[in-house]
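**Q** Submitted below is the structure of interest, expressed as structure tokens.
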Amino acid sequence: MLRIYCTENYEAMSRKAAAVMAAQVIAKPDCVLGLATGSSPVGLYQNLAAGCAAGDLDFSHVTTVNLDEYAGLDGTHDQSYRYFMDHNLFDHINIDKSRTNVPDGKAPDPEAECRRYEALLASVGPADIQLLGMGRNGHIGFNEPADTFTVPTHVVTLTDSTIDANARFFASRDQVPKKALTMGVGAIMRARRVLMVVSGPDKAEAVKAAFAGPVDPHVPASILQLHPDVVLVGDKAALAGLVETGVEVCV
Ligand code: GLP
């Protein structure tokens, strides 16, 4: 089942999506949250931090599993996803950092690190909520368009489109890592609920293809059509193409 919430702008999207995450933490304080990076969830994380500061949210029993990490960057690199998570969320909430998990981009054997991470995902159990953004090419985590869906955590070679999109965060394009470690679609689809946030006109085409087109590994997010509980929260610019197809949108 897909529930779509269309908001006026990024701020409203962030508040709505944060409310979905907050409800989960309140309903099940020892929940497993699957987390994502990128600019889309930053506002959501700010809302969660504000909820924690206000005493409304307690993360002390929460476990987190992140989707992905760049190969070759360690957690002190300011573009690593570990650094991102610490600075955008973990340092601002009362979470026990030993319960926060991100693939190790500096692992000497990335394939072995993928196996370790997959075993860890199995041991903590399915995420109660898996938060996702979406790449302009329809990628989720770093599951890039391909001829098949890849189920377990794996090493990927990033596409030119993804390198271009993420180059804005690095001093130059050639500093963007060419490879990453990412959760596969297996752990994403095992999550009890998927929460996707999308913002801005750059995402409109991918959002439409993912939710109104065929299920196709060339649009990785389209696999979410097969998930029983997806909440898609987007601003009207990102949802424009999908809304045009006549899908039902919640208020
Ligand atoms: C990166 C991440 C994805 C994220 C995507 C979109 O490639 N690996 O998890 O969804 O960027 O990022 P943004 O939200 O900045 O558009």
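Letters A, B, ... go to the chains of the structure tokens in the order shown; residues in each chain start at 1; ligands are counted from 1 in the same order.
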Can you list, as a ChimeraX atom specification, every protein, DNA or RNA residue that comes within 7 Å of A:Leu132 when you count only C-alpha atoms, leaving out same-chain residues fewer than 5 positions away?

**A** /A:36,140,195-197

**Q** Could you write out the selected residues, including N, CA and C atoms, as a PDB file, in the first residue's frame?

**A**
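Written out: out-v6.pdb:
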ATOM      1  N   ALA A  36      18.920   7.449   6.249  1.00  0.00           N
ATOM      2  CA  ALA A  36      19.430   7.821   4.923  1.00  0.00           C
ATOM      3  C   ALA A  36      20.176   9.144   5.015  1.00  0.00           C
ATOM      4  N   ILE A 140      17.995   4.165  -4.892  1.00  0.00           N
ATOM      5  CA  ILE A 140      17.688   4.192  -3.456  1.00  0.00           C
ATOM      6  C   ILE A 140      18.912   3.631  -2.730  1.00  0.00           C
ATOM      7  N   LEU A 195       9.588   4.912   4.458  1.00  0.00           N
ATOM      8  CA  LEU A 195       9.230   6.332   4.418  1.00  0.00           C
ATOM      9  C   LEU A 195      10.174   7.007   3.430  1.00  0.00           C
ATOM     10  N   MET A 196       9.625   7.513   2.338  1.00  0.00           N
ATOM     11  CA  MET A 196      10.483   8.173   1.347  1.00  0.00           C
ATOM     12  C   MET A 196      10.205   9.673   1.342  1.00  0.00           C
ATOM     13  N   VAL A 197      11.283  10.456   1.323  1.00  0.00           N
ATOM     14  CA  VAL A 197      11.140  11.913   1.208  1.00  0.00           C
ATOM     15  C   VAL A 197      11.766  12.379  -0.106  1.00  0.00           C
TER      16      VAL A 197
END

**Q** Check every protein, DNA and RNA residue against ligand 1, keep those with an atom at most 7 Å away (counting only C-alpha atoms and all ligand atoms), and present them as an NGL selection string.

**A** :A and (36-41 or 67-68 or 132-135 or 140-142 or 162 or 166)

**Q** Which residues are close to A:Asn9, i.e. within 7 Å by only C-alpha atoms, leaving aside same-chain residues fewer than 4 positions away? Reply as a list in words.

**A**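 Everything that qualifies: Met13, Asp235 and Lys236 of chain A.
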
**Q** Would you output that residue set with N, CA and C atoms, as a compact mmCIF listing (two decimals), in the first residue's frame?

**A**
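Saved the output as out.txt:
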# COMPACT_ATOMS: atom_id res chain seq x y z
N MET A 13 7.32 19.28 4.13
CA MET A 13 7.67 17.87 3.90
C MET A 13 8.45 17.32 5.09
N ASP A 235 7.39 17.32 -1.63
CA ASP A 235 6.81 18.64 -1.90
C ASP A 235 6.18 18.61 -3.29
N LYS A 236 5.40 19.64 -3.58
CA LYS A 236 4.59 19.56 -4.81
C LYS A 236 5.46 19.57 -6.07

**Q** Would you write out, as a Markdown table, a table of all residues in stretch 147-221 of chain A that have an atom no more than 12 Å from an atom of stretch 75-97 of chain A, listing for each the closest atom pair and the distance in Å to one decimal, considering only C-alpha atoms and ordering rows by chain and rising residue number?

**A**
| residue | atom | partner | partner_atom | distance |
| --- | --- | --- | --- | --- |
| A:Asn166 | CA | A:Gln79 | CA | 9.8 |
| A:Ala167 | CA | A:Gln79 | CA | 10.4 |
| A:Arg168 | CA | A:Gln79 | CA | 10.7 |
| A:Phe169 | CA | A:Gln79 | CA | 7.0 |
| A:Phe170 | CA | A:Gln79 | CA | 7.2 |
| A:Ala171 | CA | A:Gln79 | CA | 10.3 |
| A:Gln175 | CA | A:Gln79 | CA | 10.2 |
| A:Val176 | CA | A:Gln79 | CA | 9.0 |
| A:Pro177 | CA | A:Gln79 | CA | 9.9 |
| A:Ala180 | CA | A:Ser80 | CA | 10.5 |
| A:Leu181 | CA | A:Tyr81 | CA | 10.9 |
| A:Thr182 | CA | A:Tyr81 | CA | 11.3 |

**Q** Name the residues in contact with A:Asp109 at a cut-off of 12 Å, using only C-alpha atoms, excluding same-chain residues fewer than 5 positions from it; report them as an NGL selection string.

**A** :A and (71-72 or 103-104 or 114-116 or 154-155 or 181)

**Q** Any chance you can output those residues with N, CA, C and O atoms as a PDB file, in the first residue's frame?

**A**
ATOM      1  N   ALA A  71      32.902   4.210  -0.499  1.00  0.00           N
ATOM      2  CA  ALA A  71      34.118   3.415  -0.331  1.00  0.00           C
ATOM      3  C   ALA A  71      35.312   4.369  -0.296  1.00  0.00           C
ATOM      4  O   ALA A  71      35.397   5.295  -1.114  1.00  0.00           O
ATOM      5  N   GLY A  72      36.177   4.162   0.670  1.00  0.00           N
ATOM      6  CA  GLY A  72      37.420   4.937   0.723  1.00  0.00           C
ATOM      7  C   GLY A  72      37.373   6.111   1.689  1.00  0.00           C
ATOM      8  O   GLY A  72      38.397   6.725   1.958  1.00  0.00           O
ATOM      9  N   PRO A 103      27.826   1.360   7.211  1.00  0.00           N
ATOM     10  CA  PRO A 103      28.906   0.529   6.651  1.00  0.00           C
ATOM     11  C   PRO A 103      30.244   1.269   6.776  1.00  0.00           C
ATOM     12  O   PRO A 103      30.285   2.495   6.706  1.00  0.00           O
ATOM     13  N   ASP A 104      31.318   0.500   6.953  1.00  0.00           N
ATOM     14  CA  ASP A 104      32.651   1.087   7.119  1.00  0.00           C
ATOM     15  C   ASP A 104      33.292   1.273   5.749  1.00  0.00           C
ATOM     16  O   ASP A 104      33.737   0.311   5.126  1.00  0.00           O
ATOM     17  N   CYS A 114      30.727  -5.825   3.432  1.00  0.00           N
ATOM     18  CA  CYS A 114      29.325  -5.998   3.024  1.00  0.00           C
ATOM     19  C   CYS A 114      28.727  -7.227   3.699  1.00  0.00           C
ATOM     20  O   CYS A 114      27.575  -7.184   4.162  1.00  0.00           O
ATOM     21  N   ARG A 115      29.499  -8.290   3.783  1.00  0.00           N
ATOM     22  CA  ARG A 115      28.990  -9.511   4.445  1.00  0.00           C
ATOM     23  C   ARG A 115      28.770  -9.236   5.944  1.00  0.00           C
ATOM     24  O   ARG A 115      27.777  -9.659   6.517  1.00  0.00           O
ATOM     25  N   ARG A 116      29.727  -8.517   6.550  1.00  0.00           N
ATOM     26  CA  ARG A 116      29.567  -8.183   7.975  1.00  0.00           C
ATOM     27  C   ARG A 116      28.298  -7.355   8.178  1.00  0.00           C
ATOM     28  O   ARG A 116      27.500  -7.608   9.084  1.00  0.00           O
ATOM     29  N   HIS A 154      26.083  -4.668  -0.885  1.00  0.00           N
ATOM     30  CA  HIS A 154      27.074  -4.929  -1.939  1.00  0.00           C
ATOM     31  C   HIS A 154      27.861  -3.657  -2.264  1.00  0.00           C
ATOM     32  O   HIS A 154      27.483  -2.557  -1.867  1.00  0.00           O
ATOM     33  N   VAL A 155      28.938  -3.872  -3.012  1.00  0.00           N
ATOM     34  CA  VAL A 155      29.767  -2.753  -3.477  1.00  0.00           C
ATOM     35  C   VAL A 155      29.221  -2.339  -4.843  1.00  0.00           C
ATOM     36  O   VAL A 155      28.951  -3.189  -5.687  1.00  0.00           O
ATOM     37  N   LEU A 181      29.431   1.350  -0.696  1.00  0.00           N
ATOM     38  CA  LEU A 181      28.851   0.127  -0.128  1.00  0.00           C
ATOM     39  C   LEU A 181      27.398   0.467   0.175  1.00  0.00           C
ATOM     40  O   LEU A 181      27.119   1.510   0.782  1.00  0.00           O
TER      41      LEU A 181
END

**Q** Write out as a ChimeraX atom specification the residues lying within 8 Å of A:Val219, counting only C-alpha atoms and excluding same-chain residues fewer than 6 positions away.

**A** /A:137-139,145,206,209-210

**Q** Only N, CA and C atoms, please: the residues just picked out, written as a PDB file, in the first residue's frame.

**A**
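Writing done, so here's part.pdb:
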ATOM      1  N   ASN A 137      18.229   9.560 -10.716  1.00  0.00           N
ATOM      2  CA  ASN A 137      18.071   8.439 -11.653  1.00  0.00           C
ATOM      3  C   ASN A 137      17.240   7.312 -11.024  1.00  0.00           C
ATOM      4  N   GLY A 138      16.573   7.608  -9.926  1.00  0.00           N
ATOM      5  CA  GLY A 138      15.701   6.604  -9.301  1.00  0.00           C
ATOM      6  C   GLY A 138      16.420   5.683  -8.335  1.00  0.00           C
ATOM      7  N   HIS A 139      17.698   6.000  -7.996  1.00  0.00           N
ATOM      8  CA  HIS A 139      18.391   5.078  -7.083  1.00  0.00           C
ATOM      9  C   HIS A 139      17.900   5.249  -5.639  1.00  0.00           C
ATOM     10  N   PRO A 145      20.686   2.160 -11.128  1.00  0.00           N
ATOM     11  CA  PRO A 145      19.994   1.460 -12.205  1.00  0.00           C
ATOM     12  C   PRO A 145      20.876   0.339 -12.770  1.00  0.00           C
ATOM     13  N   ALA A 206      11.848  11.017 -11.862  1.00  0.00           N
ATOM     14  CA  ALA A 206      12.182   9.734 -11.213  1.00  0.00           C
ATOM     15  C   ALA A 206      11.029   9.266 -10.323  1.00  0.00           C
ATOM     16  N   ALA A 209       8.345   7.851 -12.563  1.00  0.00           N
ATOM     17  CA  ALA A 209       8.760   6.547 -13.118  1.00  0.00           C
ATOM     18  C   ALA A 209       8.702   5.463 -12.046  1.00  0.00           C
ATOM     19  N   ALA A 210       9.103   5.826 -10.824  1.00  0.00           N
ATOM     20  CA  ALA A 210       9.175   4.822  -9.757  1.00  0.00           C
ATOM     21  C   ALA A 210       7.793   4.332  -9.338  1.00  0.00           C
TER      22      ALA A 210
END

**Q** Which parts of stretch 34-225 of chain A does DSSP call helix (DSSP H, G or I) when run on the backbone here, written out as a PyMOL selection string?

**A** chain A and resi 42-53+81-88+90-92+97-99+110-124+160-169+173-175+185-190+201-212+220-225

**Q** Using only C-alpha atoms, which protein or nucleic acid residues come within 8 Å of A:Leu35? Drop anything in the same chain fewer than 3 positions from it, and give the result as a list in words.

**A**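 After dropping sequence-adjacent residues, the list is Thr64, Val65, Asn66, Leu67, Gln130, Leu131 and Leu132 of chain A.
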
**Q** Atom CA of A:Gly213 to atom CA of A:Leu232: how many Å, to one decimal?

**A**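 So the answer is 15.7 Å.
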
**Q** So which one's closest to A:Asp202, A:Arg136, A:Pro217, A:Glu111, A:His227? Using only C-alpha atoms, please.

**A**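 Looking at the shortest contact to A:Asp202, the residue is A:Arg136.
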